[in-house]
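*Asks:* Contents of coords.csv (CSV, C-alpha atoms):
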```
chain,number,residue,atom,x,y,z
A,30,MET,CA,-39.3,-50.1,22.2
A,31,SER,CA,-42.7,-50.1,20.5
A,32,ILE,CA,-44.3,-53.3,19.4
A,33,THR,CA,-43.8,-53.9,15.6
A,34,PRO,CA,-45.6,-56.2,13.1
A,35,HIS,CA,-42.5,-58.4,13.2
A,36,ASP,CA,-43.0,-58.9,17.0
A,37,GLU,CA,-46.6,-59.9,16.3
A,38,ARG,CA,-45.6,-62.3,13.5
A,39,PHE,CA,-43.0,-64.0,15.7
A,40,MET,CA,-45.3,-64.2,18.7
A,41,ALA,CA,-48.0,-65.7,16.5
A,42,ALA,CA,-45.5,-68.4,15.5
A,43,ALA,CA,-44.6,-69.0,19.1
A,44,ILE,CA,-48.3,-69.4,20.0
A,45,ARG,CA,-48.8,-71.9,17.2
A,46,LEU,CA,-45.7,-73.8,18.4
A,47,SER,CA,-47.1,-73.9,22.0
A,48,ARG,CA,-50.1,-75.9,20.8
A,49,TRP,CA,-48.0,-78.8,19.8
A,50,HIS,CA,-47.9,-80.3,23.3
A,51,LEU,CA,-51.3,-79.2,24.7
A,52,GLY,CA,-52.5,-81.8,27.1
A,53,ARG,CA,-49.1,-83.5,27.3
A,54,THR,CA,-47.1,-81.3,29.7
A,55,ALA,CA,-48.5,-82.6,33.0
A,56,THR,CA,-49.1,-79.7,35.5
A,57,ASN,CA,-46.9,-77.3,33.5
A,58,PRO,CA,-48.3,-75.2,30.7
A,59,SER,CA,-47.4,-75.9,27.1
A,60,VAL,CA,-45.3,-72.8,26.3
A,61,GLY,CA,-43.7,-71.8,22.9
A,62,CYS,CA,-40.4,-69.9,22.6
A,63,LEU,CA,-38.5,-68.5,19.7
A,64,ILE,CA,-35.0,-67.0,19.7
A,65,VAL,CA,-34.7,-64.4,16.9
A,66,LYS,CA,-31.5,-62.7,15.7
A,67,ASP,CA,-31.5,-60.2,12.9
A,68,GLY,CA,-34.9,-61.3,11.8
A,69,VAL,CA,-34.0,-65.0,11.6
A,70,ILE,CA,-35.2,-67.7,14.0
A,71,VAL,CA,-32.1,-69.3,15.5
A,72,GLY,CA,-33.8,-71.4,18.2
A,73,ARG,CA,-37.3,-72.7,18.9
A,74,ALA,CA,-38.9,-75.0,21.3
A,75,VAL,CA,-42.1,-76.0,23.1
A,76,THR,CA,-42.4,-77.3,26.7
A,77,ALA,CA,-41.2,-80.9,26.6
A,78,LEU,CA,-43.6,-83.8,27.2
A,79,SER,CA,-44.3,-84.3,30.9
A,80,GLY,CA,-43.5,-80.6,31.5
A,81,ARG,CA,-39.6,-80.5,31.5
A,82,PRO,CA,-37.4,-79.1,30.1
A,83,HIS,CA,-39.1,-75.7,29.7
A,84,ALA,CA,-39.4,-74.1,26.3
A,85,GLU,CA,-36.9,-71.3,27.0
A,86,THR,CA,-34.0,-73.5,28.0
A,87,GLN,CA,-34.4,-75.8,25.0
A,88,ALA,CA,-34.7,-72.9,22.6
A,89,LEU,CA,-31.6,-71.2,24.1
A,90,ALA,CA,-29.6,-74.4,23.9
A,91,GLU,CA,-30.5,-74.7,20.2
A,92,ALA,CA,-29.4,-71.1,19.5
A,93,GLY,CA,-26.2,-71.4,21.6
A,94,ALA,CA,-23.8,-68.5,21.4
A,95,ILE,CA,-26.0,-66.8,18.7
A,96,ALA,CA,-28.5,-66.0,21.4
A,97,ARG,CA,-26.4,-63.2,22.7
A,98,GLY,CA,-28.0,-59.9,21.7
A,99,ALA,CA,-31.1,-61.8,20.3
A,100,THR,CA,-34.8,-61.4,21.1
A,101,ALA,CA,-36.7,-64.1,22.8
A,102,TYR,CA,-40.4,-64.5,22.1
A,103,VAL,CA,-42.2,-66.4,24.9
A,104,THR,CA,-45.9,-67.1,25.2
A,105,LEU,CA,-45.9,-67.1,29.0
A,106,GLU,CA,-43.8,-65.0,31.4
A,107,PRO,CA,-40.5,-66.9,32.1
A,108,CYS,CA,-40.4,-68.5,35.5
A,109,SER,CA,-38.4,-66.9,38.2
A,110,HIS,CA,-38.4,-69.4,41.0
A,111,HIS,CA,-36.2,-72.4,41.7
A,112,GLY,CA,-38.2,-75.6,41.4
A,113,LYS,CA,-37.1,-78.9,39.9
A,114,THR,CA,-35.2,-76.8,37.3
A,115,PRO,CA,-33.5,-73.4,37.6
A,116,PRO,CA,-35.5,-70.3,36.6
A,117,CYS,CA,-35.9,-69.7,32.9
A,118,ALA,CA,-35.4,-66.0,33.5
A,119,GLU,CA,-31.9,-66.8,34.8
A,120,ALA,CA,-31.2,-68.8,31.6
A,121,LEU,CA,-32.2,-65.9,29.4
A,122,ILE,CA,-29.9,-63.6,31.4
A,123,ALA,CA,-27.0,-66.1,31.2
A,124,TYR,CA,-27.3,-66.4,27.4
A,125,GLY,CA,-27.2,-62.6,27.1
A,126,VAL,CA,-30.4,-62.0,25.2
A,127,ALA,CA,-31.1,-58.3,24.6
A,128,ARG,CA,-34.9,-58.4,24.6
A,129,VAL,CA,-37.7,-60.6,25.8
A,130,VAL,CA,-41.2,-60.3,24.3
A,131,ILE,CA,-44.0,-62.0,26.3
A,132,SER,CA,-47.6,-62.7,25.4
A,133,VAL,CA,-49.2,-63.5,28.9
A,134,THR,CA,-48.0,-62.6,32.4
A,135,ASP,CA,-48.0,-65.7,34.6
A,136,PRO,CA,-50.7,-65.7,37.3
A,137,ASP,CA,-48.8,-68.2,39.4
A,138,PRO,CA,-47.9,-66.2,42.6
A,139,ARG,CA,-44.4,-67.7,42.5
A,140,VAL,CA,-43.8,-66.0,39.2
A,141,SER,CA,-46.3,-63.2,38.5
A,142,GLY,CA,-44.3,-60.1,37.5
A,143,ARG,CA,-41.1,-61.5,39.2
A,144,GLY,CA,-39.8,-63.0,36.0
A,145,ILE,CA,-40.2,-59.7,34.2
A,146,ALA,CA,-38.6,-57.8,37.1
A,147,MET,CA,-35.6,-60.2,37.1
A,148,LEU,CA,-35.0,-59.6,33.4
A,149,ARG,CA,-35.3,-55.9,33.6
A,150,GLU,CA,-32.9,-55.7,36.6
A,151,ALA,CA,-30.4,-57.5,34.4
A,152,GLY,CA,-30.7,-54.8,31.8
A,153,ILE,CA,-32.9,-56.8,29.4
A,154,GLU,CA,-35.6,-54.9,27.6
A,155,VAL,CA,-39.0,-56.6,28.2
A,156,ASP,CA,-42.3,-56.0,26.3
A,157,ALA,CA,-45.4,-57.9,27.6
A,158,GLY,CA,-49.0,-58.3,26.3
A,159,VAL,CA,-48.1,-59.0,22.7
A,160,LEU,CA,-51.1,-60.9,21.1
A,161,GLU,CA,-52.3,-61.4,24.7
A,162,ALA,CA,-55.8,-62.5,23.7
A,163,GLU,CA,-54.4,-65.2,21.4
A,164,GLY,CA,-51.8,-66.2,24.0
A,165,ARG,CA,-54.5,-66.5,26.7
A,166,HIS,CA,-56.6,-68.7,24.4
A,167,SER,CA,-53.7,-71.1,23.9
A,168,LEU,CA,-53.0,-71.1,27.7
A,169,ALA,CA,-56.7,-71.3,28.7
A,170,ALA,CA,-56.4,-74.6,30.6
A,171,TYR,CA,-53.4,-73.5,32.6
A,172,LEU,CA,-54.8,-70.1,33.4
A,173,THR,CA,-58.1,-71.5,34.5
A,174,ARG,CA,-56.5,-74.0,36.9
A,175,GLN,CA,-54.3,-71.2,38.3
A,176,THR,CA,-57.0,-68.6,38.7
A,177,LYS,CA,-60.1,-70.7,39.4
A,178,ASN,CA,-58.7,-73.8,41.0
A,179,ARG,CA,-60.4,-76.1,38.5
A,180,PRO,CA,-59.9,-77.4,34.9
A,181,TYR,CA,-61.0,-75.6,31.8
A,182,VAL,CA,-64.2,-77.3,30.7
A,183,THR,CA,-65.2,-77.9,27.1
A,184,LEU,CA,-68.7,-79.3,26.4
A,185,LYS,CA,-68.9,-81.1,23.1
A,186,LEU,CA,-72.3,-81.9,21.6
A,187,ALA,CA,-73.3,-83.4,18.3
A,188,VAL,CA,-76.9,-82.6,17.5
A,189,SER,CA,-79.1,-84.0,14.7
A,190,ALA,CA,-81.2,-81.9,12.4
A,191,ASP,CA,-84.2,-82.6,14.6
A,192,GLY,CA,-82.4,-81.6,17.8
A,193,MET,CA,-81.4,-85.0,19.1
A,194,ILE,CA,-78.1,-86.4,20.4
A,195,GLY,CA,-78.9,-90.1,20.2
A,196,ARG,CA,-81.7,-92.6,20.3
A,197,GLU,CA,-83.0,-94.4,23.4
A,198,GLY,CA,-81.8,-98.0,23.6
A,199,ALA,CA,-79.7,-97.7,20.5
A,200,GLY,CA,-76.2,-97.4,22.0
A,201,GLN,CA,-73.8,-95.2,20.0
A,202,VAL,CA,-75.5,-93.4,17.1
A,203,ALA,CA,-73.4,-91.8,14.4
A,204,ILE,CA,-74.6,-88.2,14.1
A,205,THR,CA,-71.6,-86.5,12.5
A,206,GLY,CA,-69.6,-87.7,9.6
A,207,PRO,CA,-66.0,-89.0,9.4
A,208,GLU,CA,-64.4,-85.5,9.0
A,209,ALA,CA,-66.0,-84.2,12.2
A,210,ARG,CA,-65.1,-87.4,14.1
A,211,VAL,CA,-61.4,-86.9,13.1
A,212,GLN,CA,-61.6,-83.3,14.5
A,213,VAL,CA,-63.0,-84.7,17.8
A,214,GLN,CA,-60.1,-87.1,18.0
A,215,ALA,CA,-57.7,-84.2,17.8
A,216,LEU,CA,-59.6,-82.4,20.5
A,217,ARG,CA,-59.3,-85.4,22.8
A,218,ALA,CA,-55.6,-85.6,22.1
A,219,GLU,CA,-55.0,-82.1,23.5
A,220,THR,CA,-57.2,-82.6,26.6
A,221,ASP,CA,-56.1,-83.9,29.9
A,222,ALA,CA,-59.3,-85.8,30.8
A,223,ILE,CA,-62.6,-86.8,29.2
A,224,LEU,CA,-65.8,-87.3,31.2
A,225,VAL,CA,-69.2,-89.0,30.7
A,226,GLY,CA,-72.0,-90.1,32.9
A,227,ILE,CA,-72.7,-93.7,33.8
A,228,GLY,CA,-75.8,-93.7,31.5
A,229,THR,CA,-73.6,-93.0,28.5
A,230,ALA,CA,-70.9,-95.4,29.7
A,231,ILE,CA,-73.5,-98.3,29.9
A,232,ALA,CA,-75.6,-97.5,26.8
A,233,ASP,CA,-72.7,-96.7,24.4
A,234,ASP,CA,-69.9,-98.8,25.9
A,235,PRO,CA,-67.4,-96.2,24.6
A,236,LEU,CA,-63.6,-96.4,24.6
A,237,LEU,CA,-63.1,-92.6,24.9
A,238,THR,CA,-59.5,-93.0,23.6
A,239,VAL,CA,-57.7,-91.2,20.7
A,240,ARG,CA,-57.7,-93.5,17.7
A,241,SER,CA,-56.2,-91.3,15.0
A,242,PRO,CA,-53.0,-92.9,13.7
A,243,GLY,CA,-50.0,-91.5,15.5
A,244,LEU,CA,-51.9,-89.9,18.3
A,245,GLU,CA,-53.0,-93.0,20.2
A,246,SER,CA,-50.5,-92.4,23.0
A,247,GLN,CA,-52.2,-89.0,23.7
A,248,SER,CA,-55.5,-90.5,25.0
A,249,PRO,CA,-56.8,-88.5,27.9
A,250,ILE,CA,-57.7,-89.9,31.4
A,251,ARG,CA,-61.2,-91.2,31.2
A,252,ILE,CA,-63.7,-90.3,34.0
A,253,VAL,CA,-67.1,-91.7,34.6
A,254,LEU,CA,-69.7,-90.2,37.0
A,255,ASP,CA,-70.9,-93.4,38.5
A,256,PRO,CA,-72.6,-92.9,41.9
A,257,SER,CA,-73.4,-96.6,42.6
A,258,LEU,CA,-70.4,-98.2,40.9
A,259,ALA,CA,-72.5,-99.7,38.2
A,260,LEU,CA,-69.9,-99.6,35.4
A,261,PRO,CA,-69.8,-103.2,34.1
A,262,LEU,CA,-66.6,-105.1,34.5
A,263,THR,CA,-67.1,-106.3,30.9
A,264,SER,CA,-67.1,-102.7,29.5
A,265,LYS,CA,-64.4,-101.4,27.2
A,266,LEU,CA,-63.5,-98.8,29.7
A,267,VAL,CA,-62.7,-101.4,32.4
A,268,ALA,CA,-61.1,-103.8,29.9
A,269,THR,CA,-58.6,-101.1,28.9
A,270,ALA,CA,-58.1,-99.4,32.3
A,271,ARG,CA,-54.5,-100.7,32.6
A,272,GLU,CA,-53.6,-99.2,29.2
A,273,VAL,CA,-55.3,-95.8,29.6
A,274,PRO,CA,-56.3,-94.6,33.1
A,275,VAL,CA,-60.0,-94.7,34.2
A,276,ILE,CA,-61.4,-92.9,37.2
A,277,VAL,CA,-64.9,-93.7,38.5
A,278,VAL,CA,-66.5,-91.0,40.6
A,279,ALA,CA,-68.7,-92.6,43.2
A,280,SER,CA,-71.0,-91.1,45.8
A,281,GLU,CA,-69.4,-90.4,49.2
A,282,GLU,CA,-72.2,-92.2,50.9
A,283,ALA,CA,-74.7,-94.8,49.5
A,284,SER,CA,-77.5,-93.0,51.2
A,285,LEU,CA,-76.9,-89.9,48.9
A,286,LEU,CA,-77.8,-91.8,45.8
A,287,GLU,CA,-81.5,-91.3,45.7
A,288,ALA,CA,-81.4,-87.7,46.8
A,289,GLU,CA,-78.9,-86.9,44.0
A,290,GLY,CA,-80.8,-88.6,41.3
A,291,GLY,CA,-78.8,-91.8,41.1
A,292,ASN,CA,-79.8,-95.5,41.2
A,293,THR,CA,-81.4,-97.1,44.2
A,294,PRO,CA,-78.9,-97.2,47.1
A,295,ALA,CA,-77.0,-100.4,47.5
A,296,ASP,CA,-76.0,-101.6,50.9
A,297,ALA,CA,-72.5,-101.0,52.1
A,298,ALA,CA,-71.3,-104.6,51.6
A,299,ASP,CA,-72.5,-104.6,48.0
A,300,MET,CA,-70.7,-101.3,47.3
A,301,ASP,CA,-67.5,-102.6,48.9
A,302,SER,CA,-67.7,-105.7,46.7
A,303,ARG,CA,-68.2,-103.6,43.6
A,304,ARG,CA,-65.4,-101.3,44.5
A,305,ALA,CA,-63.0,-104.2,45.1
A,306,ALA,CA,-63.8,-105.8,41.8
A,307,ILE,CA,-63.5,-102.6,39.7
A,308,GLU,CA,-60.2,-101.6,41.4
A,309,ALA,CA,-58.8,-105.1,40.8
A,310,ALA,CA,-59.4,-104.5,37.1
A,311,GLY,CA,-57.2,-101.3,37.3
A,312,VAL,CA,-59.9,-98.7,37.7
A,313,GLU,CA,-59.4,-95.9,40.3
A,314,VAL,CA,-62.4,-95.2,42.4
A,315,VAL,CA,-62.8,-91.7,43.8
A,316,HIS,CA,-65.5,-90.8,46.4
A,317,CYS,CA,-66.6,-87.3,45.6
A,318,ASN,CA,-70.2,-86.5,45.0
A,319,PRO,CA,-70.6,-86.9,41.2
A,320,TYR,CA,-73.5,-84.5,41.0
A,321,HIS,CA,-71.7,-81.5,42.4
A,322,PRO,CA,-69.2,-80.4,39.8
A,323,GLU,CA,-68.2,-77.4,41.9
A,324,VAL,CA,-66.7,-80.0,44.3
A,325,LEU,CA,-65.4,-82.5,41.7
A,326,LEU,CA,-63.6,-80.0,39.5
A,327,PRO,CA,-61.2,-78.6,42.2
A,328,ALA,CA,-60.5,-82.2,43.2
A,329,LEU,CA,-59.5,-83.0,39.6
A,330,ALA,CA,-57.3,-79.8,39.6
A,331,THR,CA,-55.4,-81.1,42.6
A,332,ARG,CA,-54.4,-84.1,40.4
A,333,GLY,CA,-52.9,-81.8,37.8
A,334,ILE,CA,-55.9,-82.0,35.4
A,335,SER,CA,-56.1,-78.6,33.7
A,336,SER,CA,-58.5,-79.4,30.8
A,337,LEU,CA,-61.6,-81.5,30.8
A,338,LEU,CA,-63.8,-82.5,27.9
A,339,VAL,CA,-67.4,-83.4,28.8
A,340,GLU,CA,-68.8,-85.7,26.1
A,341,GLY,CA,-72.0,-87.1,27.4
A,342,GLY,CA,-74.8,-87.6,27.9
A,343,ALA,CA,-77.7,-85.1,28.1
A,344,LYS,CA,-78.0,-85.3,31.9
A,345,THR,CA,-74.3,-84.8,32.4
A,346,ALA,CA,-74.1,-81.9,29.9
A,347,ARG,CA,-77.1,-80.2,31.7
A,348,LEU,CA,-75.4,-80.7,35.0
A,349,PHE,CA,-72.3,-78.7,34.0
A,350,LEU,CA,-74.3,-76.1,32.2
A,351,GLU,CA,-76.6,-75.4,35.1
A,352,ALA,CA,-73.6,-75.2,37.4
A,353,GLY,CA,-72.1,-72.5,35.2
A,354,LEU,CA,-68.9,-74.5,34.9
A,355,VAL,CA,-68.6,-74.8,31.1
A,356,ASP,CA,-65.9,-72.5,29.6
A,357,ARG,CA,-66.3,-73.6,25.9
A,358,ILE,CA,-69.0,-75.2,23.9
A,359,GLN,CA,-68.4,-77.1,20.7
A,360,LEU,CA,-71.7,-77.6,19.0
A,361,TYR,CA,-71.7,-79.9,16.0
A,362,GLN,CA,-74.9,-79.7,13.9
A,363,ALA,CA,-75.5,-82.5,11.4
A,364,PRO,CA,-78.1,-83.1,8.6
A,365,VAL,CA,-78.9,-86.6,10.1
A,366,VAL,CA,-82.5,-87.0,11.4
A,367,ILE,CA,-82.9,-89.3,14.4
A,368,GLY,CA,-86.7,-89.4,14.5
A,369,GLU,CA,-88.8,-91.4,17.0
A,370,GLY,CA,-87.1,-92.3,20.2
A,371,GLY,CA,-84.6,-89.6,20.0
A,372,ILE,CA,-82.8,-88.2,23.0
A,373,GLU,CA,-83.3,-84.4,23.1
A,374,SER,CA,-80.2,-82.3,23.2
A,375,PRO,CA,-79.8,-80.1,26.3
A,376,LEU,CA,-78.6,-77.3,24.0
A,377,ASP,CA,-78.9,-75.9,20.5
A,378,ALA,CA,-77.7,-72.8,18.7
A,379,THR,CA,-80.8,-70.8,19.7
A,380,ASP,CA,-80.4,-71.2,23.5
A,381,ILE,CA,-76.7,-70.8,24.2
A,382,PRO,CA,-76.4,-69.6,27.8
A,383,SER,CA,-75.6,-65.9,28.5
A,384,GLY,CA,-72.0,-65.0,28.9
A,385,PHE,CA,-70.8,-67.0,25.9
A,386,ALA,CA,-69.5,-65.4,22.8
A,387,HIS,CA,-69.6,-67.0,19.4
A,388,THR,CA,-66.0,-67.4,18.3
A,389,GLY,CA,-66.2,-69.2,15.0
A,390,THR,CA,-67.9,-71.6,12.6
A,391,LEU,CA,-66.2,-74.4,10.7
A,392,MET,CA,-67.5,-77.0,8.2
A,393,PHE,CA,-66.4,-80.6,8.3
A,394,GLY,CA,-68.0,-82.3,5.3
A,395,GLU,CA,-71.8,-81.7,5.8
A,396,ASP,CA,-71.4,-81.0,9.5
A,397,ARG,CA,-71.2,-77.5,11.0
A,398,LEU,CA,-69.2,-76.7,14.1
A,399,ASP,CA,-70.0,-73.6,16.1
A,400,GLU,CA,-67.8,-72.7,19.0
A,401,TYR,CA,-68.7,-70.5,21.9
A,402,GLU,CA,-66.5,-69.4,24.8
A,403,ARG,CA,-66.6,-67.5,28.0
A,404,GLY,CA,-64.0,-64.8,28.7
A,405,LEU,CA,-61.1,-66.0,30.9
```
Mind turning the file's structure into structure tokens?
*Replies:*
Amino acid sequence: MSITPHDERFMAAAIRLSRWHLGRTATNPSVGCLIVKDGVIVGRAVTALSGRPHAETQALAEAGAIARGATAYVTLEPCSHHGKTPPCAEALIAYGVARVVISVTDPDPRVSGRGIAMLREAGIEVDAGVLEAEGRHSLAAYLTRQTKNRPYVTLKLAVSADGMIGREGAGQVAITGPEARVQVQALRAETDAILVGIGTAIADDPLLTVRSPGLESQSPIRIVLDPSLALPLTSKLVATAREVPVIVVASEEASLLEAEGGNTPADAADMDSRRAAIEAAGVEVVHCNPYHPEVLLPALATRGISSLLVEGGAKTARLFLEAGLVDRIQLYQAPVVIGEGGIESPLDATDIPSGFAHTGTLMFGEDRLDEYERGL
């Protein structure tokens, strides 16, 4: 059966639905599923919080007996393996759907192509690749972790009219207006983890949580690149570590600090003392060279972190850019002028690295957001 405009319309709705739980389904992807009978949606669902139940089983349960002979629209190939739950492909077969329309084939070797084969062997018509580009975009974090063994990395920068991202010694400086800041809160809410360098953590003393009403529970894991465990015990991050997780990435050996651009090496006893104090406050300390993101990112992926937001500062942004490990750039440009003592941005709209495509421009009040992405 050829793909129709109705197929694309229902798949677009399934993709929109899949975004509801981005960053909240643990190691599982956030998948959208619609069950459609005679042009009417009779069941719909998105992967549940924490990753289970899957979207297909919930949507089928909502449709009930009406699912027999219906079409299922799923943003990711239905699973075919027995894990903590039975395969979704089996559920689709058991409910008697006549056709399954899929946006993206699952790269997970336990599934890839097998879900489709299982459905076809049961006599179900399957069409795959519908709105695939849009589907891959919504599943970017999951696909990156599966195919590259690391999280999908978004770099967010707010740059003043004179090319600065802050002012030396001034702590947090408001560059963008309230509309843009609300948008950043939404971005945090759909991201697994947020990362800053120790310089930003000390200078700004940020919370890095989601503060939009109703979304507070969706705050990401907070990560600080802190080679010498210099994060103050009085910081907001440490004070709230038992409410929202904080991971400090320290150097594997104190002797590496100078070579990697960190602070003066502390002796082992001092490092042990700092570690004990910060861990007692609820912060997790991970020893993994903080200045080698090609090592750090796979380590984060093993923890189930599929998406990472890099927020600051200039040194940390440059580190990820130079390593070629940024997948998306969100560049806010504001009319504010910082002036003397400003911290120069590592990036502006005239020097976006090669390999990035400009994917859109949005205005939030007086602030302009330009987004750039690499292909998955």
*Asks:* Applying 10 Å and all atoms listed in the file, which residues near Gly93 of chain A remain after dropping the ones on its own chain fewer than 6 positions away? List them as a PyMOL selection string.
*Replies:* chain A and resi 71-72+87+124
*Asks:* With C-alpha atoms retained, could you export that selection as a compact mmCIF listing (two decimals), keeping the file's coordinate frame?
*Replies:*
```txt
# COMPACT_ATOMS: atom_id res chain seq x y z
CA VAL A 71 -32.10 -69.30 15.50
CA GLY A 72 -33.80 -71.40 18.20
CA GLN A 87 -34.40 -75.80 25.00
CA TYR A 124 -27.30 -66.40 27.40
```
*Asks:* Quick one: residues within 8 Å of Ile223 of chain A, only C-alpha atoms counted, chain neighbours fewer than 3 positions away excluded, as a CSV table (one decimal) with C-alpha atoms, in the frame of the given file?
*Replies:*
```
chain,number,residue,atom,x,y,z
A,217,ARG,CA,-59.3,-85.4,22.8
A,220,THR,CA,-57.2,-82.6,26.6
A,237,LEU,CA,-63.1,-92.6,24.9
A,249,PRO,CA,-56.8,-88.5,27.9
A,250,ILE,CA,-57.7,-89.9,31.4
A,251,ARG,CA,-61.2,-91.2,31.2
A,252,ILE,CA,-63.7,-90.3,34.0
A,337,LEU,CA,-61.6,-81.5,30.8
A,338,LEU,CA,-63.8,-82.5,27.9
A,339,VAL,CA,-67.4,-83.4,28.8
A,340,GLU,CA,-68.8,-85.7,26.1
```
*Asks:* Which residues of segment 272-371 of chain A sit at most 10 Å from segment 228-234 of chain A, using all atoms listed in the file? Give each one's shortest atom pair and distance in Å (one decimal place), in chain and ascending residue order, as a Markdown table.
*Replies:*
```
| residue | atom | partner | partner_atom | distance |
| --- | --- | --- | --- | --- |
| A:Glu340 | CA | A:Thr229 | CA | 9.1 |
| A:Gly341 | CA | A:Thr229 | CA | 6.2 |
| A:Gly342 | CA | A:Thr229 | CA | 5.6 |
| A:Ala343 | CA | A:Thr229 | CA | 8.9 |
| A:Lys344 | CA | A:Gly228 | CA | 8.7 |
| A:Thr345 | CA | A:Gly228 | CA | 9.1 |
```
*Asks:* Restricting the calculation to only C-alpha atoms: of A:Ser189, A:Ser47, A:Thr100, A:Thr134, which residue gets closest to Ile372 of chain A?
*Replies:*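 Closest residue, counting only C-alpha atoms: A:Ser189.
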*Asks:* So, with all atoms listed in the file as the atoms that count, which of A:Glu281, A:Pro327, A:Val267, A:Leu405 lies closest to Ile307 of chain A?
*Replies:*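 With all atoms listed in the file as the atom set, the closest residue is A:Val267.
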*Asks:* With only C-alpha atoms counted and 10 Å as the cut-off, give the residues of segment 159-258 of chain A in contact with segment 376-381 of chain A, each with its shortest interatomic distance in Å and the pair that gives it, as CSV.
*Replies:*
```
residue,atom,partner,partner_atom,distance
A:Leu186,CA,A:Leu376,CA,8.2
A:Ala187,CA,A:Asp377,CA,9.6
A:Val188,CA,A:Asp377,CA,7.6
A:Ser189,CA,A:Asp377,CA,10.0
A:Gly192,CA,A:Asp377,CA,7.2
A:Met193,CA,A:Asp377,CA,9.5
A:Ile194,CA,A:Leu376,CA,9.8
```
*Asks:* Please report the interatomic distance between atom CA of Leu121 of chain A and atom CA of Leu89 of chain A in Å with one decimal.
*Replies:*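 These two atoms are separated by 7.5 Å.
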*Asks:* Ranking A:Glu308, A:Glu323, A:Glu351, A:Asp135 by minimum distance to Val277 of chain A and counting all atoms listed in the file, which one comes first?
*Replies:* A:Glu308
*Asks:* So how many Å separate atom CA of Phe349 of chain A and atom CA of Leu398 of chain A, to one decimal?
*Replies:* 20.2 Å
